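These notes concern the structure reproduced below.
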Amino acid sequence: MMKFRFRRQGNDPQREKIKQDLFAFNKTVEHGFPNQPSALAYDPKLRLMAIGTKSGAVKIYGAPGVEFTGLHKETATVTQMHFLPGQGRLLSLLDDNTLHLWEINLREGSSHLEEIRSFILPGRASFESANAPTSVARVTVILLWTSCDMACLGTEGGGVHFVELPSLTLADSKPLFQDEIMQSVPEEYKCGKTLGPVESLQEHPQCPSKVLIGYSRGLVVLWDQSTRQVDNLFLGNLQLESLGWERSGKTFVSSHSDGGYMVWAVNSNNPRAQQPVTSTIPYGPFPCKAINKIQWRTSESGSPLVLFSGGMPRASYGDRHCVTVLQDKTQVTLDFTSRVIDFFTIHCTESEKEYDDPSALVVLLEEELVVIDLQTTGWPTIPSPYLAPLHSSAITCSYHISNVPAKLWERIVGAGQQQNPLQTHVKWPVNGGKSLSPEPRQKGLLLTGHEDGTVRFWDASGVSLKPLYKLSTANIFQTDCDHNDSLTQQGEDEWPPFRKVGCFDPYSDDPRLGIQKIALCKYSGKLVVAGTAGQVLVMDPNDEKSDHMINMATLDLLQDREGFTWKGHDRLTPNNGPISFQPGFQPSILVQCMPPAAVTAVTLHPEWNLVAFGTSHGFGLFDYHRRNPVLARCTLHPNDSLAMEGPLSRVKSLKKSLRQSFRRIRKSRVSGKKRPVVNSPASKVQEANAQLAEQAGPHDVEVAPVQRRIEPRSADDSLSGVVRCLCFADTYLRDGTHHGPTMWAGTNSGSVFAYALEVPSLEKFSEQCVEAVLGKEIQLMHRAPVVSIAVLDGRGNPLPEPYEVSRDLAKAPDMQGSHSVLIASEEQFKVFTLPKVSAKTKFKLTAHEGCRVRKVALVHFTSVSSEDYSENCLVCLTNLGDIHVFSVPGLRPQMRYDCIRKEDISGIASCVFTKAGEGFYLISPSEFERFSLSARVITEPLCTVEINRPHDSTAVSNSTSGSLQANGTRKMQSESSSLEEAEGVFEEIQTALSSPALDSPNSSADITLDTTADITVEDVKDFLVSAEEAEKNLKNMSEDEPRSPGILIN
């Protein structure tokens, strides 16, 4: 039978205007540490820091709130980055050998990061052999002159090219090739060998026209570009890794592959230095790993500082990631838990000053950023206001609290400050730019649970996600978590003098410690933390250190159900006796669920002194004031044996798997038989009726949308007893005249249990026990998992949180009208009236959209036009990564947004909504993407940077520019270019590429040239240009190429 309904004559303009004022989707900012960093740069004038990643992202940071994000068009690794000091320009090199110039420009009152142009180094077009290696033109090192008008590019072929800035064009200066250098090298040093790639380029600190060039073989040359002559030769024989000038320019230091470094004197009377002044292997005499980078910094207060990465003894500590700081007889080996990417020092760069006087050491690691205070005795770390490693231990759950009271906030901040005695209180040194973002109206807390049993508290009020406090639960149980203490408690004579630095520690001694669920009451400070082994901890804040015993209770959720045997992990063994706790949240009660399966749901009601929790076996209710269990309910189906194996069990029943496989085959056969035959008489009648309806139907009606058929799930599906959600509510359950405390539980099999609670008054809490009586039991038709349960008052508004009404922090709920309960399953949303539990309205999401619900939240949206107008809405995230907004309680669709890629399963699973219309989800193990659904509540970086840029008329003209805002949204800018100039260049390139040898499809990279033959490496290096490179250079000059929008991290 056809269903008809009257077609709406169009959208209501007034309602559309209201929706525009309420809803707007924006991805605003990325919190955390960039995933897979690969390059580091620092601007000492603007005090900005840049980090490049393997995905081609560029992130610039200054003072808290000053952030810029850009993305290269090419998905390639950023290998090097260099600021043009004071100009707000950044030069980046990718591993595809392209150079890119970025600018920070002011637009619409705030600064934005934009890519201006790109460039690829061409070879010598006149060379026509196809047998030369294409890698000789690959850039290995970049040097920006202090004048910022020229960049020197060292290549793998040993050549040095000169590029004008900011135009990114080859300079008129002739490139410097090895054959020109070899003319000054003594014959006994040549030995028929090449000098190798250029490993380092360092400008003379006092004579800007002179450049120190270091070759891989070990030769170091002081080259005078103004006279094009070699001033000094330093005939080293060890493989070179890096170079560093001493500030006066009289000496420099070189580091080598044997783990040693040498100090060389620059003397005009001795143009050919055979031996260094000193040569040291700091961690010798046994073989050591290479010193990858070295810096020499002078200090007015004493001896110079030598800082280098690597150089550890190969056999004993070859797997350590270290940066060593040497000053006179003081030596500290900073030991990190992840690979060192790069480092720099923050020091005086004014040329008139005599000393460097370094104030801080900034080390970029693969998994975190560490800053060391070099001015304070002991060289402590400086706490970072951003770039914190969210994944110091893997994140297992997230929880957000909006509008945190000032009292609780101060207690959390105070507890966090007492946790880090080794941290200095020096201001954050990377403090360039100015944040224009308004001060947050309220404080927001983001809590993350981790695999190692810790809960971390983050300040999520603004653009920067700042760590506040870390709560650890490992000391409550008997584990081997103190395995790293030996590193921090070494004796004074221990060598090397390791000092463990940083907080990234991905290894968990016991996966049972992992935090699964968190609940926090922001008014009472009561915190509930539940873990993987069925442990539920009830905690209270305490500003003082405490030594006390924890009260323990065990709750059997199976209720002596026969036929079930737990095959998973054992429970965690609590420590005996008093335990020492630092200021902060301290546990008072430990409730152990049996079997010790992972806790899947938890909720808290501090006014009633109750905590409810659920696992894959059932749910329990506990009175933590009287310290006794109130209720235990088993939700297992008789055939649900998989729930007894546990998440950490590797045992899988072959019998169970076979049974499920045959059941699926049988179902598919049955459903296949039910399909109508195409040529059957019944199908022909249905087709004729449909055509008749189309012809005879009125024009002002429409056919109801086709709904997908949803097959009901089997009652004995695996894990059907998993408790998915729990909630407390003061509502009508027994009858329509008396309201009281209730508890609701939803399971994986579509069952909803509602209990009426008898909670004694405050005066009788110590005398009477809480009692629970089953009031209602609802079974959803298709047995879809229940994702969320919420009770609505007489006006259709969500009930207030505990203490909000009693402390006059929220309006009292409407208890006169009939209440209703909103039940969200994976397939649909349904509102039932209370206490009759009759269906009021519903929306079949899976039937209409073909997706399943993953996350649900009730959100309060306030109009951007007026604070007086607001609406409560239901927000849901689906398995396809899109977000739907529905009105409450009418369940009318309001908006739909594409948010997360459907392939990003971990991102969808990690999403958490706030009550004000924002959300967080993981885009990598170390980064949260923040987004907003509200037109009013938007947390995005708005900042400005004062730039002193020299006047250059050719800087921005004739260039392709695609801009990326601070939030990563790409915009286009106009471009103008000279066509005649581009055509002339194109003719030259065509001539260069006309040789058939260069058109050969053979890969020249696999051909090794014999350096003793007629054609040598000196003759062929940097001569090549491929067709792809030529097209790319031409495109930069002539083609108006729009850039497509990009996502920062997939």
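To be explicit about the labels: the chains of the structure tokens are called A, B, and onward in the order shown, and within each one the residues are counted from 1, while ligands get numbers from 1 in the order they are shown.
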- request: For Pro925 in chain A, list every protein, DNA or RNA residue within 10 Å, evaluated using only C-alpha atoms, and leave out those in the same chain fewer than 6 positions away; present the list as JSON, numbers by chain.
  value: {"A": [32, 33, 34, 35, 367, 389, 390, 391, 392, 393, 394, 395, 906, 907]}
Neighbouring residues of range 516-521 of chain A were defined as those with any atom within 6 Å, considering only C-alpha atoms; residues of the same chain fewer than 3 positions away were excluded. Please report them as a CSV table (one decimal) with N, CA and C atoms, in the first residue's frame.
```
chain,number,residue,atom,x,y,z
A,397,CYS,N,40.3,6.5,26.6
A,397,CYS,CA,38.9,7.1,26.7
A,397,CYS,C,39.1,8.6,26.9
A,524,SER,N,30.7,18.6,43.4
A,524,SER,CA,31.2,18.0,44.6
A,524,SER,C,32.7,17.6,44.5
A,525,GLY,N,33.2,17.5,43.3
A,525,GLY,CA,34.6,17.0,43.1
A,525,GLY,C,34.7,15.5,43.1
A,526,LYS,N,33.6,14.8,43.2
A,526,LYS,CA,33.7,13.4,43.3
A,526,LYS,C,34.0,12.8,41.9
A,527,LEU,N,35.0,11.9,41.9
A,527,LEU,CA,35.5,11.4,40.6
A,527,LEU,C,35.4,9.9,40.6
A,528,VAL,N,35.0,9.3,39.5
A,528,VAL,CA,34.9,7.8,39.4
A,528,VAL,C,35.7,7.4,38.2
A,529,VAL,N,36.7,6.5,38.4
A,529,VAL,CA,37.6,6.0,37.3
A,529,VAL,C,37.4,4.5,37.3
A,530,ALA,N,37.1,4.0,36.1
A,530,ALA,CA,36.9,2.5,35.9
A,530,ALA,C,37.9,2.0,34.9
A,531,GLY,N,38.4,0.7,35.1
A,531,GLY,CA,39.5,0.2,34.3
A,531,GLY,C,39.2,-1.1,33.6
```
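By only C-alpha atoms, and with residues fewer than 2 positions from range 292-294 of chain A along its chain excluded, the set lying at most 9 Å from it is Glu241, Ser242, Leu243, Gly244, Val253, Ser254, Ser255, His256, Ser257, Gly259, Tyr261, Lys289, Ala290, Trp296, Val306, Leu307, Phe308, Ser309, Gly310, Gly311, Asp342 and Phe343 of chain A.
We find CA of Arg107 in chain A and CA of Thr944 in chain A to be spaced 9.6 Å apart.
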Between CA of Ser402 in chain A and CA of Leu845 in chain A lies a distance of 28.4 Å
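Between CA of Trp379 in chain A and CA of Thr424 in chain A the interatomic distance comes to 8.7 Å.
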